[in-house]
$ cat coords18.csv   # CSV, C-alpha atoms and all ligand atoms
chain,number,residue,atom,x,y,z
A,1,MET,CA,-6.4,17.9,-6.7
A,2,ARG,CA,-3.2,17.9,-8.9
A,3,ALA,CA,-1.7,14.4,-9.2
A,4,TRP,CA,0.4,12.3,-11.5
A,5,VAL,CA,-1.7,9.3,-12.5
A,6,TYR,CA,-1.3,6.2,-14.7
A,7,ARG,CA,-4.3,4.3,-16.1
A,8,THR,CA,-2.4,1.7,-18.2
A,9,LYS,CA,0.9,0.0,-17.5
A,10,GLY,CA,4.2,1.0,-19.0
A,11,LYS,CA,7.2,3.3,-18.7
A,12,PRO,CA,6.6,6.6,-16.8
A,13,ALA,CA,7.2,8.7,-20.0
A,14,ASP,CA,4.6,6.6,-21.8
A,15,VAL,CA,1.8,6.2,-19.3
A,16,LEU,CA,2.1,8.8,-16.5
A,17,ARG,CA,0.0,11.9,-17.0
A,18,ARG,CA,-0.6,15.0,-14.8
A,19,GLU,CA,-4.3,15.4,-13.9
A,20,ASP,CA,-5.5,18.6,-12.3
A,21,ASP,CA,-9.0,17.4,-11.1
A,22,TYR,CA,-8.1,13.9,-9.7
A,23,PRO,CA,-10.3,13.0,-6.7
A,24,LYS,CA,-8.9,13.9,-3.3
A,25,PRO,CA,-8.5,10.7,-1.3
A,26,GLU,CA,-10.8,10.1,1.7
A,27,PRO,CA,-9.1,8.8,4.9
A,28,SER,CA,-10.4,5.5,6.3
A,29,ALA,CA,-11.2,5.1,10.0
A,30,THR,CA,-7.5,4.4,10.7
A,31,GLN,CA,-5.9,6.9,8.3
A,32,VAL,CA,-4.5,10.4,8.4
A,33,LEU,CA,-5.0,12.9,5.6
A,34,VAL,CA,-1.8,14.7,4.6
A,35,ARG,CA,-1.2,17.7,2.3
A,36,VAL,CA,2.0,16.7,0.5
A,37,ASN,CA,4.9,19.1,0.3
A,38,ALA,CA,7.6,16.7,-1.0
A,39,ALA,CA,7.8,13.1,-2.2
A,40,SER,CA,10.9,11.0,-3.0
A,41,PHE,CA,11.2,8.3,-5.6
A,42,ASN,CA,12.0,4.6,-5.1
A,43,PRO,CA,12.6,2.0,-7.9
A,44,VAL,CA,9.7,-0.3,-6.8
A,45,PHE,CA,7.2,2.3,-8.0
A,46,TRP,CA,8.4,2.4,-11.6
A,47,LYS,CA,8.8,-1.4,-11.6
A,48,VAL,CA,5.1,-1.9,-10.6
A,49,MET,CA,4.1,0.8,-13.1
A,50,GLY,CA,5.4,-1.3,-16.1
A,51,THR,CA,7.9,-4.1,-15.5
A,52,PRO,CA,6.7,-7.7,-15.5
A,53,PRO,CA,6.2,-9.6,-13.3
A,54,MET,CA,5.7,-6.8,-10.8
A,55,LYS,CA,3.2,-4.8,-12.9
A,56,TYR,CA,0.6,-7.5,-12.6
A,57,MET,CA,0.4,-6.8,-8.8
A,58,GLN,CA,-0.6,-3.1,-9.3
A,59,THR,CA,-4.1,-1.9,-9.6
A,60,THR,CA,-5.0,1.2,-11.8
A,61,PRO,CA,-5.7,4.0,-12.0
A,62,ALA,CA,-2.8,4.7,-9.7
A,63,VAL,CA,-0.8,7.6,-8.2
A,64,PRO,CA,2.8,6.4,-7.8
A,65,GLU,CA,5.4,6.7,-5.0
A,66,GLY,CA,5.2,6.3,-1.2
A,67,ASP,CA,7.8,8.5,0.6
A,68,PHE,CA,6.4,11.8,1.6
A,69,ALA,CA,6.7,14.9,3.9
A,70,GLY,CA,3.8,17.2,4.4
A,71,THR,CA,1.3,18.8,6.7
A,72,VAL,CA,-1.5,17.1,8.6
A,73,GLU,CA,-5.0,18.0,7.2
A,74,GLY,CA,-7.3,15.7,9.1
A,75,GLY,CA,-8.3,12.0,9.5
A,76,ASN,CA,-8.1,9.9,12.6
A,77,LEU,CA,-5.3,11.3,14.8
A,78,GLU,CA,-6.2,9.4,17.9
A,79,GLY,CA,-3.1,7.9,19.6
A,80,THR,CA,-0.7,9.5,17.1
A,81,GLY,CA,0.3,12.6,19.1
A,82,LEU,CA,-0.4,14.6,16.0
A,83,LYS,CA,-2.7,17.6,15.3
A,84,VAL,CA,-4.0,19.3,12.2
A,85,GLY,CA,-1.2,21.6,10.9
A,86,ASP,CA,1.7,19.4,12.2
A,87,GLU,CA,4.7,18.9,9.8
A,88,VAL,CA,5.1,15.2,9.3
A,89,PHE,CA,6.9,12.6,7.2
A,90,GLY,CA,6.2,8.9,6.5
A,91,LEU,CA,5.5,6.2,4.0
A,92,VAL,CA,2.6,4.7,2.0
A,93,PRO,CA,4.1,1.2,1.5
A,94,ALA,CA,4.1,-0.2,-2.0
A,95,GLN,CA,2.1,-3.2,-0.7
A,96,GLN,CA,-0.7,-0.8,0.2
A,97,SER,CA,-0.7,1.4,-2.9
A,98,MET,CA,-0.5,-1.6,-5.2
A,99,LYS,CA,-3.9,-2.5,-3.8
A,100,ASP,CA,-5.7,0.9,-3.6
A,101,GLY,CA,-3.7,2.9,-6.2
A,102,LYS,CA,-3.2,5.8,-3.7
A,103,GLY,CA,0.3,7.2,-3.6
A,104,ALA,CA,2.4,10.3,-2.8
A,105,LEU,CA,2.8,12.0,-6.2
A,106,ALA,CA,-0.3,14.1,-5.5
A,107,GLU,CA,-1.4,17.2,-3.5
A,108,TYR,CA,-3.0,15.0,-0.8
A,109,LEU,CA,-2.5,11.4,0.4
A,110,VAL,CA,-3.9,9.1,3.0
A,111,VAL,CA,-1.6,7.1,5.2
A,112,ASP,CA,-2.1,4.6,8.0
A,113,ARG,CA,-1.6,6.2,11.5
A,114,ASP,CA,1.4,4.0,12.3
A,115,VAL,CA,3.6,5.2,9.4
A,116,VAL,CA,3.4,8.9,9.9
A,117,VAL,CA,5.3,10.9,12.5
A,118,LYS,CA,6.4,14.5,13.2
A,119,LYS,CA,9.1,15.8,10.9
A,120,PRO,CA,12.4,16.7,12.8
A,121,SER,CA,12.8,20.4,12.6
A,122,ASN,CA,16.4,20.3,11.4
A,123,VAL,CA,15.4,18.9,8.0
A,124,SER,CA,13.3,20.5,5.2
A,125,PHE,CA,10.2,18.7,3.7
A,126,GLU,CA,12.4,17.7,0.7
A,127,GLU,CA,15.0,16.2,2.9
A,128,ALA,CA,12.6,14.5,5.3
A,129,SER,CA,10.9,12.8,2.3
A,130,THR,CA,14.1,10.9,1.5
A,131,PHE,CA,14.3,8.7,4.6
A,132,PRO,CA,11.3,6.4,5.1
A,133,LEU,CA,11.3,3.5,2.6
A,134,THR,CA,15.1,3.2,2.2
A,135,THR,CA,15.8,3.5,5.9
A,136,PHE,CA,13.0,1.0,6.7
A,137,THR,CA,14.8,-1.3,4.2
A,138,ALA,CA,18.1,-0.8,5.9
A,139,TYR,CA,16.5,-1.6,9.3
A,140,TRP,CA,14.9,-4.7,7.9
A,141,ALA,CA,18.1,-6.0,6.3
A,142,LEU,CA,20.7,-5.0,8.9
A,143,ILE,CA,18.8,-5.3,12.2
A,144,GLN,CA,15.7,-7.5,11.7
A,145,VAL,CA,17.3,-10.1,9.5
A,146,GLY,CA,21.1,-9.5,9.9
A,147,LYS,CA,20.8,-9.1,13.7
A,148,LEU,CA,23.0,-6.0,13.9
A,149,GLU,CA,23.2,-4.9,17.5
A,150,LYS,CA,24.2,-1.6,19.0
A,151,GLY,CA,27.8,-1.5,20.3
A,152,LYS,CA,28.8,-5.1,19.3
A,153,GLY,CA,31.3,-3.9,16.8
A,154,GLN,CA,30.0,-6.2,14.0
A,155,ARG,CA,31.5,-6.1,10.6
A,156,VAL,CA,29.1,-5.1,7.8
A,157,PHE,CA,29.5,-5.0,4.0
A,158,ILE,CA,27.0,-2.9,2.0
A,159,ASN,CA,27.0,-3.4,-1.7
A,160,GLY,CA,25.9,-0.1,-3.3
A,161,GLY,CA,26.8,2.6,-0.8
A,162,SER,CA,25.8,5.6,-2.9
A,163,GLY,CA,22.3,4.5,-3.8
A,164,GLY,CA,19.1,5.5,-2.1
A,165,VAL,CA,19.2,2.5,0.2
A,166,GLY,CA,23.0,2.4,0.6
A,167,VAL,CA,23.4,6.0,1.8
A,168,TYR,CA,21.1,5.3,4.8
A,169,ALA,CA,22.3,1.7,5.4
A,170,VAL,CA,25.9,3.0,5.8
A,171,GLN,CA,24.8,5.7,8.2
A,172,LEU,CA,22.5,3.3,10.2
A,173,ALA,CA,25.3,0.7,10.5
A,174,LYS,CA,27.7,3.3,11.7
A,175,ALA,CA,25.1,4.6,14.2
A,176,TYR,CA,25.0,1.1,15.6
A,177,GLY,CA,28.8,1.0,16.0
A,178,ALA,CA,29.6,-1.4,13.1
A,179,PHE,CA,32.8,-1.5,11.0
A,180,VAL,CA,31.4,-0.7,7.5
A,181,VAL,CA,32.8,-1.5,4.1
A,182,THR,CA,30.9,-0.4,1.0
A,183,THR,CA,31.1,-0.1,-2.8
A,184,CYS,CA,30.6,2.7,-5.3
A,185,SER,CA,32.2,4.1,-8.4
A,186,SER,CA,35.0,6.7,-8.1
A,187,PRO,CA,32.7,9.8,-8.4
A,188,SER,CA,30.8,8.7,-5.3
A,189,ARG,CA,33.8,7.8,-3.1
A,190,GLU,CA,33.9,11.2,-1.3
A,191,LEU,CA,30.2,11.0,-0.5
A,192,VAL,CA,30.2,7.5,0.9
A,193,SER,CA,33.4,8.2,2.9
A,194,SER,CA,31.7,11.3,4.4
A,195,LEU,CA,28.8,9.0,5.6
A,196,GLY,CA,31.4,7.2,7.8
A,197,ALA,CA,32.3,4.1,5.8
A,198,ASP,CA,35.5,2.6,7.1
A,199,ASP,CA,36.6,1.3,3.7
A,200,VAL,CA,35.3,2.0,0.2
A,201,LEU,CA,35.8,-0.5,-2.7
A,202,ASP,CA,35.5,0.8,-6.3
A,203,TYR,CA,33.4,-1.9,-8.1
A,204,LYS,CA,34.4,-0.6,-11.5
A,205,GLU,CA,38.1,-0.8,-10.8
A,206,ARG,CA,38.4,-4.6,-10.4
A,207,ASP,CA,36.3,-7.7,-9.9
A,208,LEU,CA,34.6,-7.3,-6.5
A,209,VAL,CA,34.8,-10.9,-5.5
A,210,ALA,CA,38.6,-10.7,-6.0
A,211,GLN,CA,38.9,-7.5,-4.0
A,212,LEU,CA,36.8,-8.8,-1.1
A,213,SER,CA,38.6,-12.2,-1.0
A,214,GLU,CA,42.0,-10.5,-0.9
A,215,LYS,CA,41.2,-7.9,1.7
A,216,TYR,CA,38.6,-9.5,3.9
A,217,SER,CA,39.2,-13.3,4.0
A,218,ASN,CA,41.1,-12.9,7.3
A,219,GLU,CA,38.5,-10.5,8.8
A,220,PRO,CA,35.2,-11.7,7.3
A,221,PHE,CA,31.9,-10.0,7.6
A,222,ASP,CA,28.9,-10.7,9.9
A,223,ILE,CA,26.4,-9.2,7.4
A,224,PHE,CA,26.6,-8.9,3.6
A,225,PHE,CA,23.8,-6.4,2.6
A,226,ASP,CA,23.3,-6.4,-1.2
A,227,THR,CA,21.3,-3.5,-2.6
A,228,VAL,CA,22.6,-4.0,-6.1
A,229,GLY,CA,21.7,-7.6,-6.8
A,230,PHE,CA,22.6,-8.7,-10.2
A,231,ASP,CA,26.0,-10.3,-9.6
A,232,SER,CA,25.1,-13.7,-8.1
A,233,SER,CA,28.8,-14.7,-7.8
A,234,LEU,CA,29.0,-12.4,-4.8
A,235,TYR,CA,26.8,-14.8,-3.0
A,236,TYR,CA,28.2,-18.0,-4.4
A,237,LYS,CA,31.8,-16.9,-3.4
A,238,SER,CA,30.7,-15.4,-0.1
A,239,PRO,CA,32.4,-18.1,2.1
A,240,ALA,CA,35.6,-16.3,1.3
A,241,TYR,CA,34.6,-13.1,3.1
A,242,LEU,CA,31.4,-13.9,5.1
A,243,LYS,CA,31.6,-15.6,8.5
A,244,PRO,CA,30.1,-19.2,8.7
A,245,THR,CA,27.5,-17.6,11.0
A,246,GLY,CA,27.1,-14.6,8.7
A,247,HIS,CA,24.0,-13.6,6.8
A,248,TYR,CA,23.7,-12.6,3.1
A,249,VAL,CA,20.7,-10.2,2.9
A,250,ASP,CA,19.5,-9.2,-0.5
A,251,VAL,CA,16.8,-6.6,-1.3
A,252,ALA,CA,17.4,-6.2,-5.0
A,253,GLY,CA,17.4,-9.8,-6.4
A,254,PRO,CA,18.4,-10.7,-10.0
A,255,HIS,CA,17.8,-8.0,-12.6
A,256,MET,CA,14.8,-8.5,-14.8
A,257,ASP,CA,14.0,-6.1,-17.7
A,258,GLY,CA,10.6,-7.8,-18.5
A,259,SER,CA,11.9,-9.9,-21.4
A,260,LEU,CA,11.2,-13.6,-21.3
A,261,GLY,CA,15.0,-14.4,-21.3
A,262,SER,CA,15.6,-12.2,-18.3
A,263,LEU,CA,12.6,-13.6,-16.5
A,264,LEU,CA,13.8,-17.2,-17.0
A,265,ARG,CA,17.5,-16.4,-16.2
A,266,GLY,CA,16.5,-14.4,-13.1
A,267,GLY,CA,14.0,-17.0,-11.9
A,268,PHE,CA,16.6,-19.8,-12.2
A,269,ASP,CA,19.3,-17.7,-10.5
A,270,PHE,CA,16.9,-16.7,-7.7
A,271,ALA,CA,15.8,-20.3,-7.1
A,272,ASN,CA,19.4,-21.4,-7.1
A,273,ARG,CA,20.3,-18.8,-4.4
A,274,LEU,CA,17.3,-19.8,-2.2
A,275,LEU,CA,17.6,-23.6,-2.7
A,276,ARG,CA,21.2,-24.4,-3.1
A,277,PRO,CA,22.3,-24.0,0.5
A,278,LYS,CA,19.4,-26.2,1.9
A,279,LEU,CA,18.9,-28.9,-0.8
A,280,LEU,CA,22.0,-29.2,-2.8
A,281,GLY,CA,24.8,-28.8,-0.3
A,282,GLY,CA,25.8,-25.6,-2.1
A,283,VAL,CA,26.8,-22.3,-0.5
A,284,PRO,CA,27.1,-22.8,3.2
A,285,ARG,CA,25.9,-19.3,4.1
A,286,GLN,CA,22.4,-18.1,5.0
A,287,TYR,CA,20.7,-16.2,2.2
A,288,THR,CA,17.6,-14.1,2.7
A,289,PHE,CA,15.7,-12.1,0.0
A,290,GLY,CA,12.7,-10.1,1.2
A,291,MET,CA,10.7,-6.9,1.4
A,292,MET,CA,11.2,-4.2,4.0
A,293,THR,CA,8.5,-3.9,6.7
A,294,THR,CA,7.3,-0.8,8.5
A,295,SER,CA,6.8,-0.2,12.2
A,296,LYS,CA,6.0,2.8,14.3
A,297,ASP,CA,8.9,2.1,16.7
A,298,ARG,CA,11.4,2.1,13.8
A,299,LEU,CA,9.9,5.3,12.3
A,300,ASP,CA,10.2,7.0,15.7
A,301,GLU,CA,13.8,5.8,16.0
A,302,MET,CA,14.5,7.1,12.4
A,303,ALA,CA,13.1,10.5,13.4
A,304,LYS,CA,15.2,10.6,16.5
A,305,LEU,CA,18.4,9.7,14.6
A,306,VAL,CA,17.6,12.4,12.0
A,307,GLY,CA,16.9,14.9,14.8
A,308,GLU,CA,20.3,14.1,16.4
A,309,GLY,CA,22.0,14.5,13.0
A,310,LYS,CA,23.1,10.8,13.0
A,311,LEU,CA,21.1,10.2,9.8
A,312,ARG,CA,21.9,12.9,7.3
A,313,PRO,CA,19.7,13.4,4.2
A,314,ILE,CA,21.4,12.7,0.9
A,315,VAL,CA,19.5,14.4,-2.0
A,316,ASP,CA,20.5,13.7,-5.6
A,317,GLY,CA,18.3,16.4,-6.8
A,318,VAL,CA,14.9,18.2,-6.3
A,319,TYR,CA,12.5,18.5,-9.2
A,320,ALA,CA,9.5,20.7,-9.7
A,321,PHE,CA,6.1,18.8,-9.7
A,322,GLU,CA,5.8,19.4,-13.4
A,323,ASP,CA,9.1,17.7,-14.0
A,324,ALA,CA,8.1,14.2,-12.7
A,325,ILE,CA,9.1,12.5,-16.0
A,326,LYS,CA,12.6,14.1,-15.9
A,327,ALA,CA,12.9,12.9,-12.3
A,328,TYR,CA,11.9,9.4,-13.3
A,329,ASP,CA,14.5,9.4,-16.0
A,330,ARG,CA,17.1,10.2,-13.4
A,331,GLN,CA,15.8,7.6,-10.9
A,332,MET,CA,15.7,4.9,-13.6
A,333,SER,CA,19.2,5.7,-14.8
A,334,GLY,CA,20.5,3.8,-11.7
A,335,ARG,CA,23.1,6.5,-11.2
A,336,ALA,CA,21.3,8.7,-8.6
A,337,LYS,CA,23.5,9.5,-5.6
A,338,GLY,CA,21.1,9.4,-2.7
A,339,LYS,CA,17.5,10.3,-3.4
A,340,VAL,CA,15.5,11.9,-6.2
A,341,VAL,CA,12.9,14.3,-4.8
A,342,ILE,CA,9.8,16.1,-6.2
A,343,LYS,CA,8.6,19.3,-4.7
A,344,VAL,CA,4.8,18.8,-4.7
A,345,SER,CA,3.6,22.1,-3.2
A,346,ALA,CA,5.1,25.0,-1.3
A,401,LIG,N1,13.2,-5.4,-1.1
A,401,LIG,C1,12.9,-4.2,-0.6
A,401,LIG,O1,12.1,-4.0,0.4
A,401,LIG,C2,13.5,-3.0,-1.3
A,401,LIG,C3,13.4,-1.8,-0.7
A,401,LIG,C4,14.1,-0.7,-1.4
A,401,LIG,C5,14.8,-0.9,-2.5
A,401,LIG,N2,14.9,-2.2,-3.0
A,401,LIG,C6,15.6,-2.4,-4.3
A,401,LIG,O2,17.0,-2.2,-4.0
A,401,LIG,C7,17.7,-1.7,-5.1
A,401,LIG,C8,18.4,-0.4,-4.8
A,401,LIG,O3,17.5,0.6,-4.6
A,401,LIG,P1,18.0,2.1,-4.5
A,401,LIG,O4,16.9,3.0,-4.1
A,401,LIG,O5,19.2,2.1,-3.6
A,401,LIG,O6,18.5,2.3,-6.0
A,401,LIG,P2,19.2,3.6,-6.6
A,401,LIG,O7,19.2,4.7,-5.7
A,401,LIG,O8,18.6,3.8,-8.0
A,401,LIG,O9,20.7,3.1,-6.8
A,401,LIG,C9,21.6,3.9,-7.6
A,401,LIG,C10,23.0,3.7,-7.1
A,401,LIG,O10,23.4,2.4,-7.4
A,401,LIG,C11,24.8,2.5,-7.6
A,401,LIG,N3,25.2,1.3,-8.4
A,401,LIG,C12,24.8,0.9,-9.6
A,401,LIG,N4,25.4,-0.3,-10.0
A,401,LIG,C13,26.2,-0.6,-8.9
A,401,LIG,C14,27.1,-1.7,-8.7
A,401,LIG,N5,27.3,-2.7,-9.6
A,401,LIG,N6,27.8,-1.7,-7.5
A,401,LIG,C15,27.6,-0.7,-6.6
A,401,LIG,N7,26.8,0.3,-6.8
A,401,LIG,C16,26.1,0.4,-7.9
A,401,LIG,C17,25.0,3.8,-8.3
A,401,LIG,O11,26.3,4.2,-8.0
A,401,LIG,P3,27.3,4.6,-9.2
A,401,LIG,O12,26.7,5.6,-10.1
A,401,LIG,O13,28.5,5.1,-8.5
A,401,LIG,O14,27.6,3.3,-10.0
A,401,LIG,C18,24.0,4.7,-7.8
A,401,LIG,O15,24.5,5.5,-6.8
A,401,LIG,C19,16.6,-1.6,-6.2
A,401,LIG,O16,16.6,-2.8,-7.0
A,401,LIG,C20,15.3,-1.5,-5.4
A,401,LIG,O17,14.2,-2.0,-6.2
A,401,LIG,C21,14.2,-3.2,-2.5

$ encode --input "coords18.csv" --output "structure tokens"
Amino acid sequence: MRAWVYRTKGKPADVLRREDDYPKPEPSATQVLVRVNAASFNPVFWKVMGTPPMKYMQTTPAVPEGDFAGTVEGGNLEGTGLKVGDEVFGLVPAQQSMKDGKGALAEYLVVDRDVVVKKPSNVSFEEASTFPLTTFTAYWALIQVGKLEKGKGQRVFINGGSGGVGVYAVQLAKAYGAFVVTTCSSPSRELVSSLGADDVLDYKERDLVAQLSEKYSNEPFDIFFDTVGFDSSLYYKSPAYLKPTGHYVDVAGPHMDGSLGSLLRGGFDFANRLLRPKLLGGVPRQYTFGMMTTSKDRLDEMAKLVGEGKLRPIVDGVYAFEDAIKAYDRQMSGRAKGKVVIKVSA
């Protein structure tokens, strides 16, 4: 089969190669075989391809990426409600593909039965492929950790409303009835407002801590969801705009470019965020950093929200299979608005 494959670690442009006779994956007893029509990109996959320390967790040879939409070809369909030929979408989690090297940037993939469901008919394959990883992340941060509940009118701040995670976090929080404030730069303001954000702060205009403290110290947030990561002062100063019972949930963590200096700085900052509240009488707000988790129930709810039009696909651009390196350049620029998608087959 056709696949993008890397056999050594590094940047996509240096190590990722298209192979036309890569072995088609065999589904295990609990997996479904899918012919992939579209895949969307997530930063974790270029990070495990070449950035320390994450690259040490990835096996090779490997096919990158996990988000897909496609057509069921076979495998064990028992209990899934699926049949051969059904149009589906789902996720090969990075935790899985780091171990077996099997990902979505290929004509065929194998996926566990509980992370693949029917694709809603109101979205294309390209659009459907944009939802899983980022929306699972939003579920994990807002609902599982942050305890967002339907109809409670909680106040949610989302740092990075125009990114892959942000565009779905804003919509999910609105679907749960929250008051939502988010950040972006001015070219993305119209997009994030159209997703339902109640207020949009331009992070390039003025220091974000100052903007949040001025506008929201009297009406602090229940959840602070950070999808950007590198500005630790947002956490250290959070008592000014996060309720004492509020939760700071971080999925990005400190930025590390692989250099020793960035690893040391990032490690120190990270340890400080995790330990200060508990051991040193530091920031009196709960801080959680973690990885998204998957569940069949959440994937079903995601599909329902998409089908009802409450989760709208946000596509930065669709690239041909041959143009995967160009698509990685765009994803790695950190400027994508919504999701970068690859059309794998017609
Ligand atoms: N822990 C987990 O389970 C998990 C899961 C998914 C993602 N992540 C991590 O979460 C992070 C975000 O992922 P993503 O897919 O959303 O990335 P992304 O799509 O590449 O994010 C790009 C967006 O970030 C915005 N942005 C850049 N700097 C910003 C800043 N200082 N403030 C506000 N917005 C800013 C850009 O908007 P402008 O162009 O307008 O600046 C752009 O729209 C990544 O580090 C990823 O690895 C973690």

$ residues_near_ligand --input "coords18.csv" --ligand "ligand LIG 401 (chain A)" --cutoff "6 Å" --atoms "all atoms listed in the file" --output "ChimeraX atom specification"
/A:42-44,134,137,159-160,162-166,183-185,188,203,227-228,251-252,290-292,331,334-338

$ closest_residue --input "coords18.csv" --among "A:Asn218, A:Ser232, A:Thr51, A:Thr130" --to "Leu311 in chain A" --atoms "all atoms listed in the file"
A:Thr130

$ atom_distance --input "coords18.csv" --atom1 "CA of Gly307 in chain A" --atom2 "CA of Ala346 in chain A"
22.4 Å

$ closest_residue --input "coords18.csv" --among "A:Thr294, A:Asn272, A:Ser333, A:Ser262" --to "Pro52 in chain A" --atoms "all atoms listed in the file"
A:Ser262

$ closest_residue --input "coords18.csv" --among "A:Leu274, A:Leu33, A:Met57, A:Ile158" --to "Val84 in chain A" --atoms "all atoms listed in the file"
A:Leu33

$ atom_distance --input "coords18.csv" --atom1 "CA of Ala173 in chain A" --atom2 "CA of Leu148 in chain A"
7.9 Å

$ atom_distance --input "coords18.csv" --atom1 "CA of Gly258 in chain A" --atom2 "CA of Asp231 in chain A"
18.0 Å

$ closest_residue --input "coords18.csv" --among "A:Pro12, A:Gly161, A:Gly253, A:Pro220" --to "Arg265 in chain A" --atoms "all atoms listed in the file"
A:Gly253

$ closest_residue --input "coords18.csv" --among "A:Ile314, A:Asp86, A:Asp226, A:Met332" --to "Val192 in chain A" --atoms "all atoms listed in the file"
A:Ile314

$ residues_around --input "coords18.csv" --residues "Leu195 in chain A" --least-positions-apart "4" --cutoff "9 Å" --atoms "only C-alpha atoms" --output "list in words"
Val167, Tyr168, Val170, Gln171, Lys174, Glu190, Leu191, Leu311 and Arg312 of chain A

$ write_last_selection --input "coords18.csv" --atoms "C-alpha atoms" --output "CSV table (one decimal), keeping the file's coordinate frame"
chain,number,residue,atom,x,y,z
A,167,VAL,CA,23.4,6.0,1.8
A,168,TYR,CA,21.1,5.3,4.8
A,170,VAL,CA,25.9,3.0,5.8
A,171,GLN,CA,24.8,5.7,8.2
A,174,LYS,CA,27.7,3.3,11.7
A,190,GLU,CA,33.9,11.2,-1.3
A,191,LEU,CA,30.2,11.0,-0.5
A,311,LEU,CA,21.1,10.2,9.8
A,312,ARG,CA,21.9,12.9,7.3

$ closest_residue --input "coords18.csv" --among "A:Ala138, A:Val209, A:Leu133, A:Val15" --to "Tyr236 in chain A" --atoms "all atoms listed in the file"
A:Val209

$ axis_aligned_box --input "coords18.csv" --around "range 184-203 of chain A" --padding-each-side "4 Å" --output "lines of an AutoDock Vina configuration file"
center_x = 32.7
center_y = 4.7
center_z = -0.3
size_x = 15.8
size_y = 21.2
size_z = 24.2

$ residues_around --input "coords18.csv" --residues "Ala39 in chain A" --least-positions-apart "2" --cutoff "8 Å" --atoms "all atoms listed in the file" --output "PyMOL selection string"
chain A and resi 36-37+41+65-69+104-105+126+129-130+341-344

$ residues_around --input "coords18.csv" --residues "Leu275 in chain A" --least-positions-apart "6" --cutoff "12 Å" --atoms "all atoms listed in the file" --output "MDAnalysis selection string"
chainID A and resid 267:269 281:289
